[in-house]
Every structure is written in C-alpha cells, then in structure tokens.
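Visitor: I have a structure I would like to understand better, so I am pasting it below and will then ask my questions one at a time.
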Amino acid sequence: MSNALELICPDCQAAAPPDSQGGVRCAGCGAVLAEPFTFCPQCGRINNAGASVCAQCAEELKVTCPGCGRVNWSGAERCGGCGRELDALAHAFRPISASVEIRRQELIRNVSSFREKEEKESQARLDTLREADRRRAQRSTELAERARLSERRIIVGAVVVIAVFLVFIIAAMAILF
Ligand SMILES: [Zn+2]
Ligand SMILES: [Zn+2]
Ligand SMILES: [Zn+2]
C-alpha cells in the first residue's frame, strides 16, 4: 500500500493500514476499525458507511475504474476488477477541483451554522433557567414576608387578649374588694 495513513487499534495499539477496499481491520486482534469505503485516503477520517465524499476534507471515497467500470475505493492502487493501475497517489494529491472546493466550503458553513444555532439555543436555555431561578427567589421572599406578617398579627392578637384579661381581673378585684 503506497498510502502512509493508517489507524492505531484502540484495543491492542497495533498499527492498522487500510485494505484495498478502504476498510481497516486490526491485524493484531482482528477488530474492525473501519467498514469498506469509509477510510479517507487523504486525511485518515473514518466516514459513515455509504458516504461518497469524506466529511472532513471532501475527498472522493470512491473512484470508478476507467477500464472496467468497477467502483473502487479511492485509495486503492489497482482496480479490484481488472487489475488496472488506478494511480491512487495522483488521485490523492490532485489539486482540489472547483466542485469539491465548493462542497468543502458548504460543509464548513453547515458546521459553523450548526454550532451558532447550538450556542444560541444553549444561551436561551440558560436565560430560561435564570428567569425561573429569579422567580423562585422572588416567590420565597414573598412567602417569608407573608409568614412574618401573620406572625405579627398573632402576637398583636395575643397581647390584646392578655390586656383585656388583665383589665377584667383588675375590674373584678376592684368590685370584690
Ligand atoms: Zn487490535
Ligand atoms: Zn478526508
Ligand atoms: Zn477495472
């Protein structure tokens, strides 16, 4: 394989280069690290199965053999059908074509607008939480104030009752003695 990119197996730390189909399997422990056609020969990203271009660098992941029409992984040196040389290196290092560059820009825009939206949403969530906190604090102050008022009313009531009672006793004593 002319390609220098390879993965490191997370289980056994062995270096695992991609196979001719763009899949990666660890030679040490046999773990599948990338499904066929998902490994980007340009940047090494593992893409979702079925992707036609790399989500990181927009490199085409598949190339059609000009000889037999077979669809090969773009990092393959030779066609798996007819054995024709696919010139993987020239493919990997060819200048970024206009359409690919546009797609790359689109990807970057999508990612940044997604992030912006995420940030706005999390800010809104934070504001809502803060508002709820503020309301809760206000409500507990109101409740405390109300409790204080009713306490004061009870004390005033008790004082009045005691005063009336004392006056009654004094009056009774005055009448008796
Ligand atoms: Zn392994
Ligand atoms: Zn890539
Ligand atoms: Zn071919």
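Identifiers in the structure tokens: chain A, B, ... in order shown; residue index from 1 per chain; ligand index from 1 in order shown.
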Residues at most 9 Å from Trp73 in chain A, counting only C-alpha atoms, excluding those fewer than 2 positions away in the same chain, as a list in words?
Guide: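 Selected residues are Ser20, Gln21, Gly22, Gly23, Pro36, Phe37, Thr38, Phe39, Pro41, Glu60, Leu61, Lys62, Val63, Thr64, Val71, Gly75, Ala76 and Cys79 of chain A.
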Visitor: Could you please take those selected residues and save N, CA and C atoms as a PDB file, in the first residue's frame?
Guide:
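Final file, again14.pdb:
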ATOM      1  N   SER A  20      -7.425  -2.868   0.523  1.00  0.00           N
ATOM      2  CA  SER A  20      -7.635  -2.346  -0.828  1.00  0.00           C
ATOM      3  C   SER A  20      -9.073  -1.847  -1.027  1.00  0.00           C
ATOM      4  N   GLN A  21      -9.971  -2.155  -0.086  1.00  0.00           N
ATOM      5  CA  GLN A  21     -11.368  -1.712  -0.168  1.00  0.00           C
ATOM      6  C   GLN A  21     -11.633  -0.466   0.680  1.00  0.00           C
ATOM      7  N   GLY A  22     -10.586   0.036   1.342  1.00  0.00           N
ATOM      8  CA  GLY A  22     -10.794   1.202   2.200  1.00  0.00           C
ATOM      9  C   GLY A  22     -11.410   0.836   3.527  1.00  0.00           C
ATOM     10  N   GLY A  23     -11.355  -0.431   3.899  1.00  0.00           N
ATOM     11  CA  GLY A  23     -11.759  -0.855   5.235  1.00  0.00           C
ATOM     12  C   GLY A  23     -10.507  -1.044   6.069  1.00  0.00           C
ATOM     13  N   PRO A  36     -15.578  -1.087   4.845  1.00  0.00           N
ATOM     14  CA  PRO A  36     -15.068  -0.800   3.496  1.00  0.00           C
ATOM     15  C   PRO A  36     -15.578   0.553   2.971  1.00  0.00           C
ATOM     16  N   PHE A  37     -14.730   1.246   2.252  1.00  0.00           N
ATOM     17  CA  PHE A  37     -15.044   2.531   1.595  1.00  0.00           C
ATOM     18  C   PHE A  37     -15.240   3.692   2.571  1.00  0.00           C
ATOM     19  N   THR A  38     -14.937   3.502   3.850  1.00  0.00           N
ATOM     20  CA  THR A  38     -15.170   4.595   4.804  1.00  0.00           C
ATOM     21  C   THR A  38     -13.893   5.333   5.189  1.00  0.00           C
ATOM     22  N   PHE A  39     -12.748   4.717   4.975  1.00  0.00           N
ATOM     23  CA  PHE A  39     -11.479   5.338   5.379  1.00  0.00           C
ATOM     24  C   PHE A  39     -11.025   6.334   4.311  1.00  0.00           C
ATOM     25  N   PRO A  41      -8.459   8.267   2.255  1.00  0.00           N
ATOM     26  CA  PRO A  41      -7.030   8.124   1.974  1.00  0.00           C
ATOM     27  C   PRO A  41      -6.290   9.460   2.071  1.00  0.00           C
ATOM     28  N   GLU A  60     -13.076  12.450  -2.535  1.00  0.00           N
ATOM     29  CA  GLU A  60     -13.955  11.379  -3.012  1.00  0.00           C
ATOM     30  C   GLU A  60     -13.495  10.064  -2.389  1.00  0.00           C
ATOM     31  N   LEU A  61     -14.419   9.267  -1.888  1.00  0.00           N
ATOM     32  CA  LEU A  61     -14.047   7.998  -1.270  1.00  0.00           C
ATOM     33  C   LEU A  61     -14.075   6.846  -2.281  1.00  0.00           C
ATOM     34  N   LYS A  62     -14.748   7.072  -3.411  1.00  0.00           N
ATOM     35  CA  LYS A  62     -14.868   6.020  -4.421  1.00  0.00           C
ATOM     36  C   LYS A  62     -14.368   6.537  -5.760  1.00  0.00           C
ATOM     37  N   VAL A  63     -13.796   5.640  -6.541  1.00  0.00           N
ATOM     38  CA  VAL A  63     -13.354   6.012  -7.881  1.00  0.00           C
ATOM     39  C   VAL A  63     -13.757   4.883  -8.836  1.00  0.00           C
ATOM     40  N   THR A  64     -14.287   5.287  -9.966  1.00  0.00           N
ATOM     41  CA  THR A  64     -14.716   4.279 -10.949  1.00  0.00           C
ATOM     42  C   THR A  64     -13.551   3.964 -11.880  1.00  0.00           C
ATOM     43  N   VAL A  71     -16.415   0.084  -9.288  1.00  0.00           N
ATOM     44  CA  VAL A  71     -16.234   1.145  -8.289  1.00  0.00           C
ATOM     45  C   VAL A  71     -15.232   0.661  -7.245  1.00  0.00           C
ATOM     46  N   GLY A  75      -8.481   5.106  -2.461  1.00  0.00           N
ATOM     47  CA  GLY A  75      -7.088   4.940  -2.025  1.00  0.00           C
ATOM     48  C   GLY A  75      -6.435   3.696  -2.598  1.00  0.00           C
ATOM     49  N   ALA A  76      -7.208   2.898  -3.354  1.00  0.00           N
ATOM     50  CA  ALA A  76      -6.663   1.643  -3.898  1.00  0.00           C
ATOM     51  C   ALA A  76      -5.664   1.925  -5.019  1.00  0.00           C
ATOM     52  N   CYS A  79      -7.256  -1.544  -9.628  1.00  0.00           N
ATOM     53  CA  CYS A  79      -8.668  -1.911  -9.702  1.00  0.00           C
ATOM     54  C   CYS A  79      -8.856  -3.351  -9.223  1.00  0.00           C
TER      55      CYS A  79
END
Visitor: Quick one: residues within 9 Å of Ala14 in chain A, only C-alpha atoms counted, chain neighbours fewer than 4 positions away excluded, as an MDAnalysis selection string?
Guide: chainID A and resid 7:10 26:29
Visitor: Please check which protein, DNA or RNA residues sit within 8 Å of ligand 3, counting only C-alpha atoms and all ligand atoms, and write them as a PyMOL selection string.
Guide: chain A and resi 64-70+78-84
Visitor: If you measure from CA of Ile154 in chain A to CA of Thr141 in chain A, what distance in Å do you get, rounded to one decimal?
Guide: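 For CA of Ile154 in chain A relative to CA of Thr141 in chain A, the distance reads 20.2 Å.
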Visitor: Smallest atom-to-atom distance to ligand 2: which of A:Ala31, A:Ala16, A:Leu5, A:Ala55, using only C-alpha atoms and all ligand atoms?
Guide: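 Among A:Ala31, A:Ala16, A:Leu5, A:Ala55, it is A:Ala55 that comes nearest to ligand 2.
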Visitor: Could you give me, as a list in words, each residue of range 33-171 of chain A that DSSP assigns to strand (DSSP E) when run on this structure's backbone?
Guide: Leu33, Ala34, Lys62, Val63, Thr64, Val71, Asn72 and Trp73 of chain A
